[in-house]
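Peer 1: Before anything else, here's the structure in question.
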Amino acid sequence: MEKTVEVEDVEVVLADADERTFGQVELFAGAYVPEHETQPRIGCVVPAYNEESSIQAVVEALLGQTRVPDVIHVIVNNSSDDTFWVARELAGRHERRYRDEVMACDVHVHDVGKLPERKVGALNIGFKLVEDCDYFLGVDGDTVLDRNAVANLLSEARSDPRIGGISAIYSIDYDEGANGAERFLIAGQRQQFASFNMQNLLRGRNMAVLGGQCSIFSVEALRTVRDEYRQRGPWVSDSEVEDSLLSLQLKRCGFSTKISASARADVGPMVTLKSLDAQQVKWNYGAIDLMWPGQRGDTSGQPFHPNLRLRWLENWSMLFNLAVRIGFVLLLAASMTIGAFVFSPWWLLPPCVAILLNLRTALSMHDRSAKDVLFALLFVPGELYMWLKLGHFIRSWAKFLSRQEVDNWGAQAAAERGKANNAYLQPVLYLAVFIGLLALTWTQLPLLVKEIALWFAWPTLAVLAGMQTLGMVFKLLRRQRGYRV
């Protein structure tokens, strides 16, 4: 026997045979869900270190999701502020109604004291607490999720059983900047994030690094990494970039690592030169550490791993940027000392292409503002930020090649507290010494030798600049397939 039910002008025919075969059907808003189907459980872990100013917004954003995590564990570690007490105000059971669904979430706040492994230790403690869940959602203590982020991450993670983890698209809110200098640094970081995100989206959405700011993992995949590598937990401190190392291990265990096409999150910015330098040097140093075989702990070094190809490309790109910029300044000064400089309009081509590329990156941002467009069009702000990045690049390689034992985690923590030294000025000293030695040598050369040197150096620099410009043109003409970052 059949019966017809109208639901919002949609006719749904239910047959007795269908009910016996597929079980009862619940009707709502013109759709149906089999009663026996169970939703996967999501355990969220928030490692928090001195996050008293942001932790409330982070947890409230999680509780306001269209798909609320089933449980949230805030792991306060190594903190000296009131992070624990602020977070504890939100502890307990929370219920949220979204459309016709009532979702419940239990929030637990743990102060685990001093952990030698810092964030890595907090993540592994959190993993043990949510290991009975289907998915592990890691969110930093200063990362605020878009209201649909968890739902989008879960939907994409469930779309393919080969996926071990998916990272959100990161950006930074301009409201985090209190003055012009801080907003300048935020604009540069927004451009940096947008460019990195777009590169990964256009590589088949294969993500080289499942960033700890906001990523969802299959618990099965994390267990596999832990057991396969005989680790105490999925994360280890054998690398300065624990998220990059985990991403490599997931790939080696047969899982794919992806970037979401729609899940978004605002991360905490670095608003001082010291904190930005400490963060970028830690990231770059960690990436170099992974690229170079057998440097730390039990990491074998995987220089040709697919996840590291983008890292190699970034480092070669920075080397080209450094060589072209310093080379142009030095050759310009050298040519003027002997009255041999002749202006060529061809040298305007690289900055013009750079402006267009930065503008395209700005226009690809889903939350772009006039500040992002001006940052790209004015050229000077972007060029200043590039020189800052070159300083980070120099410092990272200098640290690595010195073979000294370094605590980049501690350096970043000190910088964020405003207690770091002026190490970020070291590249200026290196460049000053380098340029001083070249200038001294130049003054001792006879005029004929100077002319011959310039005759060889300018064409060489032109070739390097041409190769760099062609690379930018390729990026400029590459189809973005409708992606927004």
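In the structure tokens, each chain is lettered A, B, ... as it comes, each chain's residues begin at 1, and ligands are numbered from 1 in order of appearance.
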Dump as JSON lines the rows for residues of range 144-185 of chain A within 6 Å of range 195-216 of chain A: closest atom pair and distance in Å with one decimal, only C-alpha atoms counted, ordered by chain and rising residue number.
Peer 2:
{"residue": "A:Gly165", "atom": "CA", "partner": "A:Ile216", "partner_atom": "CA", "distance": 5.5}
{"residue": "A:Ile166", "atom": "CA", "partner": "A:Ile216", "partner_atom": "CA", "distance": 5.4}
{"residue": "A:Ser167", "atom": "CA", "partner": "A:Ser215", "partner_atom": "CA", "distance": 4.2}
{"residue": "A:Ala168", "atom": "CA", "partner": "A:Cys214", "partner_atom": "CA", "distance": 5.8}
Peer 1: Could you name the residues that touch Leu322 in chain A at 10 Å or less, counting only C-alpha atoms, but leaving out those on the same chain fewer than 5 positions away, as a list in words?
Peer 2: Trp316, Ser317, Gly327, Phe328, Met386, Trp387, Lys389, Leu390, Gly391, Phe393 and Ile394 of chain A
Peer 1: Just the residues within 9 Å of range 82-90 of chain A, please, counting only C-alpha atoms, with nothing from its chain fewer than 2 positions along; format it as a PyMOL selection string.
Peer 2: chain A and resi 48-56+59-60+74-76+79-80+92-94+107-111
Peer 1: Export N, CA and C atoms of the chosen residues as a PDB file, in the first residue's frame?
Peer 2:
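For reference, part_32.pdb as written:
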ATOM      1  N   ALA A  48      46.490  25.730  23.911  1.00  0.00           N
ATOM      2  CA  ALA A  48      46.464  27.170  24.191  1.00  0.00           C
ATOM      3  C   ALA A  48      47.650  27.564  25.050  1.00  0.00           C
ATOM      4  N   TYR A  49      48.423  28.488  24.542  1.00  0.00           N
ATOM      5  CA  TYR A  49      49.588  29.010  25.270  1.00  0.00           C
ATOM      6  C   TYR A  49      49.460  30.528  25.346  1.00  0.00           C
ATOM      7  N   ASN A  50      49.214  31.049  26.553  1.00  0.00           N
ATOM      8  CA  ASN A  50      49.066  32.493  26.764  1.00  0.00           C
ATOM      9  C   ASN A  50      48.095  33.118  25.755  1.00  0.00           C
ATOM     10  N   GLU A  51      46.871  32.605  25.743  1.00  0.00           N
ATOM     11  CA  GLU A  51      45.855  33.055  24.794  1.00  0.00           C
ATOM     12  C   GLU A  51      44.655  33.680  25.505  1.00  0.00           C
ATOM     13  N   GLU A  52      44.875  34.345  26.632  1.00  0.00           N
ATOM     14  CA  GLU A  52      43.752  34.875  27.392  1.00  0.00           C
ATOM     15  C   GLU A  52      42.928  35.893  26.595  1.00  0.00           C
ATOM     16  N   SER A  53      43.555  36.585  25.659  1.00  0.00           N
ATOM     17  CA  SER A  53      42.835  37.608  24.900  1.00  0.00           C
ATOM     18  C   SER A  53      41.994  37.037  23.769  1.00  0.00           C
ATOM     19  N   SER A  54      42.268  35.796  23.365  1.00  0.00           N
ATOM     20  CA  SER A  54      41.580  35.245  22.191  1.00  0.00           C
ATOM     21  C   SER A  54      40.809  33.962  22.459  1.00  0.00           C
ATOM     22  N   ILE A  55      41.089  33.261  23.567  1.00  0.00           N
ATOM     23  CA  ILE A  55      40.531  31.918  23.748  1.00  0.00           C
ATOM     24  C   ILE A  55      39.014  31.921  23.823  1.00  0.00           C
ATOM     25  N   GLN A  56      38.426  32.963  24.399  1.00  0.00           N
ATOM     26  CA  GLN A  56      36.965  33.014  24.476  1.00  0.00           C
ATOM     27  C   GLN A  56      36.334  33.080  23.096  1.00  0.00           C
ATOM     28  N   VAL A  59      36.612  29.558  21.322  1.00  0.00           N
ATOM     29  CA  VAL A  59      35.650  28.540  21.777  1.00  0.00           C
ATOM     30  C   VAL A  59      34.224  28.931  21.383  1.00  0.00           C
ATOM     31  N   GLU A  60      33.891  30.196  21.505  1.00  0.00           N
ATOM     32  CA  GLU A  60      32.534  30.630  21.129  1.00  0.00           C
ATOM     33  C   GLU A  60      32.282  30.429  19.637  1.00  0.00           C
ATOM     34  N   VAL A  74      40.182  22.057  25.674  1.00  0.00           N
ATOM     35  CA  VAL A  74      41.151  23.145  25.662  1.00  0.00           C
ATOM     36  C   VAL A  74      42.330  22.713  26.536  1.00  0.00           C
ATOM     37  N   ILE A  75      43.502  22.568  25.909  1.00  0.00           N
ATOM     38  CA  ILE A  75      44.694  22.098  26.624  1.00  0.00           C
ATOM     39  C   ILE A  75      45.608  23.296  26.872  1.00  0.00           C
ATOM     40  N   VAL A  76      45.492  23.867  28.069  1.00  0.00           N
ATOM     41  CA  VAL A  76      46.320  25.018  28.426  1.00  0.00           C
ATOM     42  C   VAL A  76      47.687  24.507  28.863  1.00  0.00           C
ATOM     43  N   SER A  79      51.491  28.179  30.193  1.00  0.00           N
ATOM     44  CA  SER A  79      50.963  29.542  30.209  1.00  0.00           C
ATOM     45  C   SER A  79      51.256  30.247  31.526  1.00  0.00           C
ATOM     46  N   SER A  80      51.461  31.560  31.421  1.00  0.00           N
ATOM     47  CA  SER A  80      51.674  32.382  32.606  1.00  0.00           C
ATOM     48  C   SER A  80      50.596  33.445  32.768  1.00  0.00           C
ATOM     49  N   GLY A  92      31.712  22.992  30.340  1.00  0.00           N
ATOM     50  CA  GLY A  92      30.398  22.411  30.610  1.00  0.00           C
ATOM     51  C   GLY A  92      29.706  21.984  29.329  1.00  0.00           C
ATOM     52  N   ARG A  93      28.444  21.632  29.452  1.00  0.00           N
ATOM     53  CA  ARG A  93      27.666  21.145  28.307  1.00  0.00           C
ATOM     54  C   ARG A  93      26.923  22.302  27.657  1.00  0.00           C
ATOM     55  N   HIS A  94      27.025  22.357  26.328  1.00  0.00           N
ATOM     56  CA  HIS A  94      26.362  23.413  25.566  1.00  0.00           C
ATOM     57  C   HIS A  94      25.457  22.766  24.523  1.00  0.00           C
ATOM     58  N   VAL A 107      32.433  20.919  26.720  1.00  0.00           N
ATOM     59  CA  VAL A 107      33.693  21.657  26.715  1.00  0.00           C
ATOM     60  C   VAL A 107      34.461  21.333  27.994  1.00  0.00           C
ATOM     61  N   HIS A 108      35.694  20.869  27.821  1.00  0.00           N
ATOM     62  CA  HIS A 108      36.566  20.557  28.960  1.00  0.00           C
ATOM     63  C   HIS A 108      37.808  21.432  28.873  1.00  0.00           C
ATOM     64  N   VAL A 109      38.247  21.948  29.995  1.00  0.00           N
ATOM     65  CA  VAL A 109      39.438  22.799  30.038  1.00  0.00           C
ATOM     66  C   VAL A 109      40.454  22.152  30.965  1.00  0.00           C
ATOM     67  N   HIS A 110      41.653  21.933  30.457  1.00  0.00           N
ATOM     68  CA  HIS A 110      42.705  21.262  31.226  1.00  0.00           C
ATOM     69  C   HIS A 110      43.928  22.174  31.285  1.00  0.00           C
ATOM     70  N   ASP A 111      44.467  22.377  32.472  1.00  0.00           N
ATOM     71  CA  ASP A 111      45.756  23.056  32.609  1.00  0.00           C
ATOM     72  C   ASP A 111      46.797  21.984  32.910  1.00  0.00           C
TER      73      ASP A 111
END
Peer 1: Counting only C-alpha atoms, what is within 9 Å of Arg484 in chain A, bar same-chain residues fewer than 2 positions away, as a ChimeraX atom specification?
Peer 2: /A:194,198,261-262,363-367,480,482
Peer 1: Please identify the helix (DSSP H, G or I) residues within range 124-350 of chain A (assignment by DSSP from backbone atoms) and present them as a tab-separated table (two decimals) with N, CA and C atoms, in the first residue's frame.
Peer 2:
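Okay, selection_13.tsv is ready:
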chain	number	residue	atom	x	y	z
A	124	ASN	N	49.22	15.82	21.64
A	124	ASN	CA	49.19	14.37	21.92
A	124	ASN	C	48.31	14.05	23.13
A	125	ILE	N	48.31	14.93	24.14
A	125	ILE	CA	47.39	14.74	25.26
A	125	ILE	C	45.95	14.83	24.77
A	126	GLY	N	45.68	15.83	23.92
A	126	GLY	CA	44.34	15.96	23.37
A	126	GLY	C	43.93	14.77	22.53
A	127	PHE	N	44.88	14.23	21.77
A	127	PHE	CA	44.54	13.07	20.93
A	127	PHE	C	44.10	11.88	21.78
A	128	LYS	N	44.77	11.65	22.89
A	128	LYS	CA	44.37	10.56	23.78
A	128	LYS	C	42.96	10.76	24.32
A	129	LEU	N	42.58	12.02	24.52
A	129	LEU	CA	41.27	12.32	25.07
A	129	LEU	C	40.14	12.14	24.06
A	149	ALA	N	32.82	26.39	8.88
A	149	ALA	CA	34.12	25.74	8.66
A	149	ALA	C	34.09	24.27	9.02
A	150	VAL	N	33.58	23.91	10.19
A	150	VAL	CA	33.60	22.52	10.63
A	150	VAL	C	32.73	21.66	9.71
A	151	ALA	N	31.55	22.16	9.35
A	151	ALA	CA	30.66	21.40	8.45
A	151	ALA	C	31.33	21.15	7.11
A	152	ASN	N	32.00	22.17	6.57
A	152	ASN	CA	32.66	22.01	5.27
A	152	ASN	C	33.85	21.06	5.37
A	153	LEU	N	34.64	21.17	6.44
A	153	LEU	CA	35.78	20.27	6.61
A	153	LEU	C	35.32	18.83	6.73
A	154	LEU	N	34.26	18.60	7.52
A	154	LEU	CA	33.76	17.24	7.71
A	154	LEU	C	33.22	16.67	6.40
A	155	SER	N	32.46	17.48	5.66
A	155	SER	CA	31.90	17.01	4.40
A	155	SER	C	32.98	16.60	3.42
A	156	GLU	N	34.04	17.40	3.33
A	156	GLU	CA	35.12	17.09	2.40
A	156	GLU	C	35.94	15.89	2.89
A	157	ALA	N	36.14	15.78	4.21
A	157	ALA	CA	36.91	14.66	4.74
A	157	ALA	C	36.19	13.34	4.50
A	158	ARG	N	34.86	13.36	4.56
A	158	ARG	CA	34.08	12.13	4.37
A	158	ARG	C	33.90	11.77	2.89
A	174	TYR	N	41.90	42.33	9.59
A	174	TYR	CA	42.57	43.62	9.76
A	174	TYR	C	42.29	44.25	11.12
A	175	ASP	N	41.17	43.88	11.75
A	175	ASP	CA	40.83	44.46	13.05
A	175	ASP	C	41.85	44.10	14.12
A	176	GLU	N	42.70	43.09	13.85
A	176	GLU	CA	43.73	42.70	14.81
A	176	GLU	C	44.86	43.74	14.87
A	180	GLY	N	48.93	51.78	11.99
A	180	GLY	CA	49.33	51.60	10.59
A	180	GLY	C	50.42	50.58	10.40
A	181	ALA	N	51.41	50.56	11.30
A	181	ALA	CA	52.51	49.60	11.17
A	181	ALA	C	52.00	48.17	11.30
A	182	GLU	N	51.12	47.93	12.26
A	182	GLU	CA	50.59	46.59	12.45
A	182	GLU	C	49.71	46.17	11.27
A	183	ARG	N	48.93	47.11	10.75
A	183	ARG	CA	48.08	46.76	9.60
A	183	ARG	C	48.92	46.51	8.35
A	184	PHE	N	50.07	47.19	8.25
A	184	PHE	CA	51.00	46.89	7.13
A	184	PHE	C	51.49	45.45	7.22
A	185	LEU	N	51.90	45.01	8.41
A	185	LEU	CA	52.36	43.63	8.58
A	185	LEU	C	51.23	42.64	8.32
A	186	ILE	N	50.01	43.00	8.75
A	186	ILE	CA	48.86	42.12	8.49
A	186	ILE	C	48.60	42.01	6.99
A	187	ALA	N	48.68	43.14	6.28
A	187	ALA	CA	48.45	43.12	4.83
A	187	ALA	C	49.46	42.20	4.14
A	188	GLY	N	50.72	42.28	4.56
A	188	GLY	CA	51.73	41.41	3.99
A	188	GLY	C	51.48	39.95	4.28
A	189	GLN	N	51.06	39.64	5.51
A	189	GLN	CA	50.77	38.25	5.87
A	189	GLN	C	49.53	37.74	5.13
A	190	ARG	N	48.54	38.61	4.92
A	190	ARG	CA	47.36	38.20	4.14
A	190	ARG	C	47.76	37.84	2.71
A	191	GLN	N	48.63	38.66	2.10
A	191	GLN	CA	49.11	38.34	0.76
A	191	GLN	C	49.88	37.03	0.75
A	192	GLN	N	50.71	36.83	1.77
A	192	GLN	CA	51.52	35.62	1.86
A	192	GLN	C	50.63	34.39	1.99
A	193	PHE	N	49.64	34.45	2.89
A	193	PHE	CA	48.72	33.33	3.05
A	193	PHE	C	47.93	33.07	1.77
A	194	ALA	N	47.44	34.14	1.14
A	194	ALA	CA	46.61	33.99	-0.06
A	194	ALA	C	47.39	33.33	-1.18
A	195	SER	N	48.64	33.75	-1.38
A	195	SER	CA	49.48	33.16	-2.43
A	195	SER	C	49.74	31.69	-2.15
A	196	PHE	N	50.08	31.37	-0.89
A	196	PHE	CA	50.36	29.98	-0.52
A	196	PHE	C	49.11	29.11	-0.69
A	197	ASN	N	47.96	29.61	-0.22
A	197	ASN	CA	46.71	28.85	-0.34
A	197	ASN	C	46.36	28.58	-1.80
A	198	MET	N	46.51	29.62	-2.66
A	198	MET	CA	46.15	29.44	-4.07
A	198	MET	C	47.07	28.43	-4.74
A	199	GLN	N	48.37	28.46	-4.40
A	199	GLN	CA	49.29	27.48	-4.97
A	199	GLN	C	48.84	26.06	-4.65
A	200	ASN	N	48.43	25.82	-3.42
A	200	ASN	CA	47.99	24.48	-3.03
A	200	ASN	C	46.66	24.10	-3.66
A	201	LEU	N	45.75	25.04	-3.78
A	201	LEU	CA	44.47	24.76	-4.41
A	201	LEU	C	44.65	24.37	-5.88
A	219	VAL	N	40.89	10.08	12.58
A	219	VAL	CA	41.55	9.48	13.74
A	219	VAL	C	42.26	8.20	13.33
A	220	GLU	N	41.68	7.47	12.39
A	220	GLU	CA	42.33	6.26	11.88
A	220	GLU	C	43.68	6.59	11.27
A	221	ALA	N	43.76	7.69	10.51
A	221	ALA	CA	45.02	8.07	9.89
A	221	ALA	C	46.06	8.46	10.94
A	222	LEU	N	45.63	9.18	11.99
A	222	LEU	CA	46.57	9.57	13.04
A	222	LEU	C	47.08	8.36	13.80
A	223	ARG	N	46.19	7.40	14.06
A	223	ARG	CA	46.62	6.16	14.71
A	223	ARG	C	47.65	5.43	13.85
A	224	THR	N	47.39	5.40	12.55
A	224	THR	CA	48.31	4.71	11.64
A	224	THR	C	49.70	5.32	11.69
A	225	VAL	N	49.78	6.65	11.67
A	225	VAL	CA	51.08	7.32	11.76
A	225	VAL	C	51.76	6.99	13.08
A	226	ARG	N	51.01	7.09	14.17
A	226	ARG	CA	51.59	6.81	15.49
A	226	ARG	C	52.15	5.40	15.56
A	227	ASP	N	51.38	4.43	15.09
A	227	ASP	CA	51.81	3.03	15.18
A	227	ASP	C	52.90	2.69	14.17
A	228	GLU	N	52.76	3.22	12.96
A	228	GLU	CA	53.73	2.92	11.91
A	228	GLU	C	55.13	3.44	12.28
A	242	GLU	N	56.05	20.72	13.38
A	242	GLU	CA	55.44	19.41	13.64
A	242	GLU	C	54.31	19.10	12.66
A	243	ASP	N	53.62	20.15	12.17
A	243	ASP	CA	52.53	19.90	11.23
A	243	ASP	C	53.06	19.46	9.87
A	244	SER	N	54.19	20.01	9.44
A	244	SER	CA	54.79	19.58	8.17
A	244	SER	C	55.26	18.13	8.25
A	245	LEU	N	55.89	17.77	9.38
A	245	LEU	CA	56.37	16.40	9.53
A	245	LEU	C	55.21	15.42	9.54
A	246	LEU	N	54.14	15.75	10.26
A	246	LEU	CA	52.96	14.87	10.27
A	246	LEU	C	52.38	14.73	8.86
A	247	SER	N	52.35	15.81	8.10
A	247	SER	CA	51.82	15.75	6.73
A	247	SER	C	52.66	14.81	5.87
A	248	LEU	N	53.99	14.86	6.03
A	248	LEU	CA	54.86	13.94	5.30
A	248	LEU	C	54.57	12.50	5.69
A	249	GLN	N	54.42	12.26	6.99
A	249	GLN	CA	54.18	10.90	7.46
A	249	GLN	C	52.84	10.36	6.98
A	250	LEU	N	51.83	11.21	6.96
A	250	LEU	CA	50.52	10.78	6.43
A	250	LEU	C	50.64	10.35	4.98
A	251	LYS	N	51.39	11.13	4.19
A	251	LYS	CA	51.56	10.78	2.77
A	251	LYS	C	52.29	9.46	2.62
A	252	ARG	N	53.31	9.24	3.46
A	252	ARG	CA	54.08	8.00	3.35
A	252	ARG	C	53.25	6.80	3.79
A	273	LEU	N	57.79	43.30	14.29
A	273	LEU	CA	58.87	42.75	13.48
A	273	LEU	C	59.54	41.57	14.17
A	274	LYS	N	59.66	41.65	15.50
A	274	LYS	CA	60.31	40.57	16.24
A	274	LYS	C	59.49	39.29	16.18
A	275	SER	N	58.18	39.40	16.43
A	275	SER	CA	57.34	38.19	16.43
A	275	SER	C	57.21	37.61	15.03
A	276	LEU	N	57.10	38.48	14.01
A	276	LEU	CA	57.02	37.99	12.63
A	276	LEU	C	58.30	37.27	12.25
A	277	ASP	N	59.44	37.84	12.60
A	277	ASP	CA	60.72	37.21	12.30
A	277	ASP	C	60.84	35.85	12.98
A	278	ALA	N	60.47	35.78	14.27
A	278	ALA	CA	60.58	34.52	15.00
A	278	ALA	C	59.70	33.45	14.38
A	279	GLN	N	58.47	33.82	14.01
A	279	GLN	CA	57.56	32.84	13.41
A	279	GLN	C	58.07	32.36	12.06
A	280	GLN	N	58.45	33.30	11.20
A	280	GLN	CA	58.87	32.95	9.84
A	280	GLN	C	60.18	32.16	9.85
A	281	VAL	N	61.10	32.53	10.74
A	281	VAL	CA	62.36	31.79	10.82
A	281	VAL	C	62.11	30.38	11.31
A	282	LYS	N	61.21	30.20	12.28
A	282	LYS	CA	60.89	28.84	12.75
A	282	LYS	C	60.30	28.01	11.61
A	283	TRP	N	59.36	28.58	10.87
A	283	TRP	CA	58.75	27.86	9.75
A	283	TRP	C	59.80	27.52	8.69
A	284	ASN	N	60.59	28.52	8.28
A	284	ASN	CA	61.58	28.29	7.23
A	284	ASN	C	62.66	27.31	7.67
A	285	TYR	N	63.14	27.48	8.90
A	285	TYR	CA	64.17	26.58	9.42
A	285	TYR	C	63.64	25.15	9.47
A	286	GLY	N	62.40	24.99	9.92
A	286	GLY	CA	61.81	23.65	9.98
A	286	GLY	C	61.67	23.02	8.61
A	287	ALA	N	61.29	23.85	7.61
A	287	ALA	CA	61.15	23.32	6.26
A	287	ALA	C	62.51	22.89	5.70
A	288	ILE	N	63.55	23.71	5.93
A	288	ILE	CA	64.90	23.34	5.49
A	288	ILE	C	65.34	22.05	6.17
A	289	ASP	N	65.01	21.93	7.45
A	289	ASP	CA	65.36	20.75	8.24
A	289	ASP	C	64.76	19.49	7.63
A	290	LEU	N	63.53	19.60	7.14
A	290	LEU	CA	62.87	18.44	6.53
A	290	LEU	C	63.43	18.16	5.14
A	291	MET	N	63.82	19.21	4.43
A	291	MET	CA	64.34	19.02	3.07
A	291	MET	C	65.72	18.37	3.09
A	306	PRO	N	57.06	14.59	-2.57
A	306	PRO	CA	56.13	15.51	-3.25
A	306	PRO	C	55.70	16.69	-2.38
A	307	ASN	N	55.52	16.46	-1.07
A	307	ASN	CA	55.10	17.55	-0.20
A	307	ASN	C	56.15	18.65	-0.07
A	308	LEU	N	57.42	18.32	-0.38
A	308	LEU	CA	58.49	19.29	-0.21
A	308	LEU	C	58.88	19.99	-1.50
A	309	ARG	N	58.26	19.59	-2.60
A	309	ARG	CA	58.60	20.25	-3.87
A	309	ARG	C	58.27	21.74	-3.82
A	310	LEU	N	57.11	22.05	-3.22
A	310	LEU	CA	56.74	23.45	-3.10
A	310	LEU	C	57.71	24.20	-2.20
A	311	ARG	N	58.22	23.52	-1.17
A	311	ARG	CA	59.21	24.15	-0.28
A	311	ARG	C	60.49	24.48	-1.04
A	312	TRP	N	60.97	23.52	-1.85
A	312	TRP	CA	62.16	23.78	-2.65
A	312	TRP	C	61.92	24.94	-3.60
A	313	LEU	N	60.73	24.96	-4.22
A	313	LEU	CA	60.40	26.05	-5.15
A	313	LEU	C	60.41	27.39	-4.43
A	314	GLU	N	59.86	27.42	-3.21
A	314	GLU	CA	59.86	28.67	-2.45
A	314	GLU	C	61.27	29.14	-2.15
A	315	ASN	N	62.16	28.22	-1.77
A	315	ASN	CA	63.52	28.60	-1.43
A	315	ASN	C	64.30	29.07	-2.66
A	316	TRP	N	64.12	28.40	-3.79
A	316	TRP	CA	64.79	28.86	-5.01
A	316	TRP	C	64.24	30.22	-5.43
A	317	SER	N	62.94	30.41	-5.28
A	317	SER	CA	62.33	31.69	-5.62
A	317	SER	C	62.90	32.82	-4.75
A	318	MET	N	63.06	32.55	-3.46
A	318	MET	CA	63.62	33.56	-2.56
A	318	MET	C	65.08	33.84	-2.91
A	319	LEU	N	65.82	32.81	-3.32
A	319	LEU	CA	67.22	33.02	-3.72
A	319	LEU	C	67.29	33.91	-4.96
A	320	PHE	N	66.39	33.69	-5.93
A	320	PHE	CA	66.35	34.53	-7.12
A	320	PHE	C	65.99	35.96	-6.74
A	321	ASN	N	64.98	36.12	-5.85
A	321	ASN	CA	64.59	37.46	-5.42
A	321	ASN	C	65.74	38.19	-4.76
A	322	LEU	N	66.48	37.47	-3.92
A	322	LEU	CA	67.61	38.08	-3.22
A	322	LEU	C	68.71	38.48	-4.20
A	323	ALA	N	69.04	37.56	-5.12
A	323	ALA	CA	70.12	37.83	-6.07
A	323	ALA	C	69.78	38.99	-6.99
A	324	VAL	N	68.55	39.03	-7.49
A	324	VAL	CA	68.18	40.09	-8.44
A	324	VAL	C	68.14	41.44	-7.75
A	325	ARG	N	67.57	41.51	-6.56
A	325	ARG	CA	67.45	42.81	-5.88
A	325	ARG	C	68.81	43.35	-5.45
A	326	ILE	N	69.60	42.53	-4.79
A	326	ILE	CA	70.90	42.99	-4.34
A	326	ILE	C	71.81	43.26	-5.54
A	327	GLY	N	71.73	42.39	-6.55
A	327	GLY	CA	72.54	42.58	-7.74
A	327	GLY	C	72.22	43.89	-8.45
A	328	PHE	N	70.92	44.21	-8.55
A	328	PHE	CA	70.54	45.45	-9.23
A	328	PHE	C	71.06	46.67	-8.48
A	329	VAL	N	70.89	46.67	-7.16
A	329	VAL	CA	71.35	47.81	-6.35
A	329	VAL	C	72.87	47.97	-6.46
A	330	LEU	N	73.61	46.88	-6.37
A	330	LEU	CA	75.06	46.94	-6.42
A	330	LEU	C	75.56	47.38	-7.80
A	331	LEU	N	74.96	46.81	-8.85
A	331	LEU	CA	75.41	47.17	-10.20
A	331	LEU	C	75.04	48.61	-10.54
A	332	LEU	N	73.87	49.04	-10.04
A	332	LEU	CA	73.49	50.44	-10.28
A	332	LEU	C	74.49	51.39	-9.62
A	333	ALA	N	74.82	51.09	-8.37
A	333	ALA	CA	75.78	51.94	-7.66
A	333	ALA	C	77.15	51.89	-8.32
A	334	ALA	N	77.58	50.69	-8.71
A	334	ALA	CA	78.90	50.54	-9.34
A	334	ALA	C	78.95	51.29	-10.67
A	335	SER	N	77.88	51.21	-11.46
A	335	SER	CA	77.85	51.89	-12.76
A	335	SER	C	77.91	53.40	-12.58
A	336	MET	N	77.23	53.91	-11.56
A	336	MET	CA	77.21	55.36	-11.34
A	336	MET	C	78.57	55.88	-10.87
A	337	THR	N	79.34	55.03	-10.20
A	337	THR	CA	80.66	55.49	-9.72
A	337	THR	C	81.62	55.76	-10.86
A	345	PRO	N	64.34	50.98	-20.23
A	345	PRO	CA	62.96	50.77	-19.78
A	345	PRO	C	62.62	49.29	-19.53
A	346	TRP	N	63.44	48.39	-20.03
A	346	TRP	CA	63.17	46.96	-19.81
A	346	TRP	C	63.19	46.61	-18.32
A	347	TRP	N	63.95	47.39	-17.54
A	347	TRP	CA	64.03	47.10	-16.11
A	347	TRP	C	62.75	47.47	-15.36
A	348	LEU	N	61.83	48.14	-16.03
A	348	LEU	CA	60.52	48.44	-15.42
A	348	LEU	C	59.57	47.26	-15.55
A	349	LEU	N	59.92	46.31	-16.45
A	349	LEU	CA	59.01	45.19	-16.69
A	349	LEU	C	58.82	44.30	-15.45
A	350	PRO	N	59.89	43.86	-14.74
A	350	PRO	CA	59.69	43.00	-13.56
A	350	PRO	C	58.78	43.61	-12.49
Peer 1: List as JSON, numbers by chain the protein and nucleic acid residues near Leu115 in chain A, meaning an atom at most 7 Å away when only C-alpha atoms are counted, but skip any in the same chain fewer than 3 places from it.
Peer 2: {"A": [77, 78, 118, 121]}
Peer 1: Have a look at A:Gln444, A:Leu359, A:Val428, A:Phe343 and name the one nearest to Lys371 in chain A; count only C-alpha atoms.
Peer 2: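 Smallest separation from Lys371 in chain A among the options: A:Leu359.
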Peer 1: Identify which of the residues A:Cys352, A:Cys44, A:Ile452, A:Ala122 lies closest to Asp134 in chain A, counting only C-alpha atoms when measuring atom-to-atom distances.
Peer 2: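 Using only C-alpha atoms, Asp134 in chain A sits closest to A:Cys44.
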Peer 1: When you draw a straight line from CA of Arg264 in chain A to CA of Tyr135 in chain A, how long is it in Å?
Peer 2: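 Going from CA of Arg264 in chain A over to CA of Tyr135 in chain A, I get 18.0 Å.
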Peer 1: For a quick check of understanding, using only C-alpha atoms, which of A:Val380, A:Ala398, A:Val144, A:Val46 has the smallest distance to Tyr430 in chain A?
Peer 2: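 Closest to Tyr430 in chain A, using only C-alpha atoms: A:Ala398.
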Peer 1: What is the CA of Pro69 in chain A-CA of Ile172 in chain A distance in Å, reported with one decimal?
Peer 2: 23.1 Å
Peer 1: So the first atom is CA of Leu145 in chain A and the second is CA of Ala61 in chain A; what is the distance between them in Å, to one decimal place?
Peer 2: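 Computed distance, CA of Leu145 in chain A to CA of Ala61 in chain A, equals 6.0 Å.
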Peer 1: Please return, as a ChimeraX atom specification, all residues of range 199-264 of chain A that DSSP assigns to strand (DSSP E or B) on the basis of the backbone.
Peer 2: /A:206,214-218,256-264
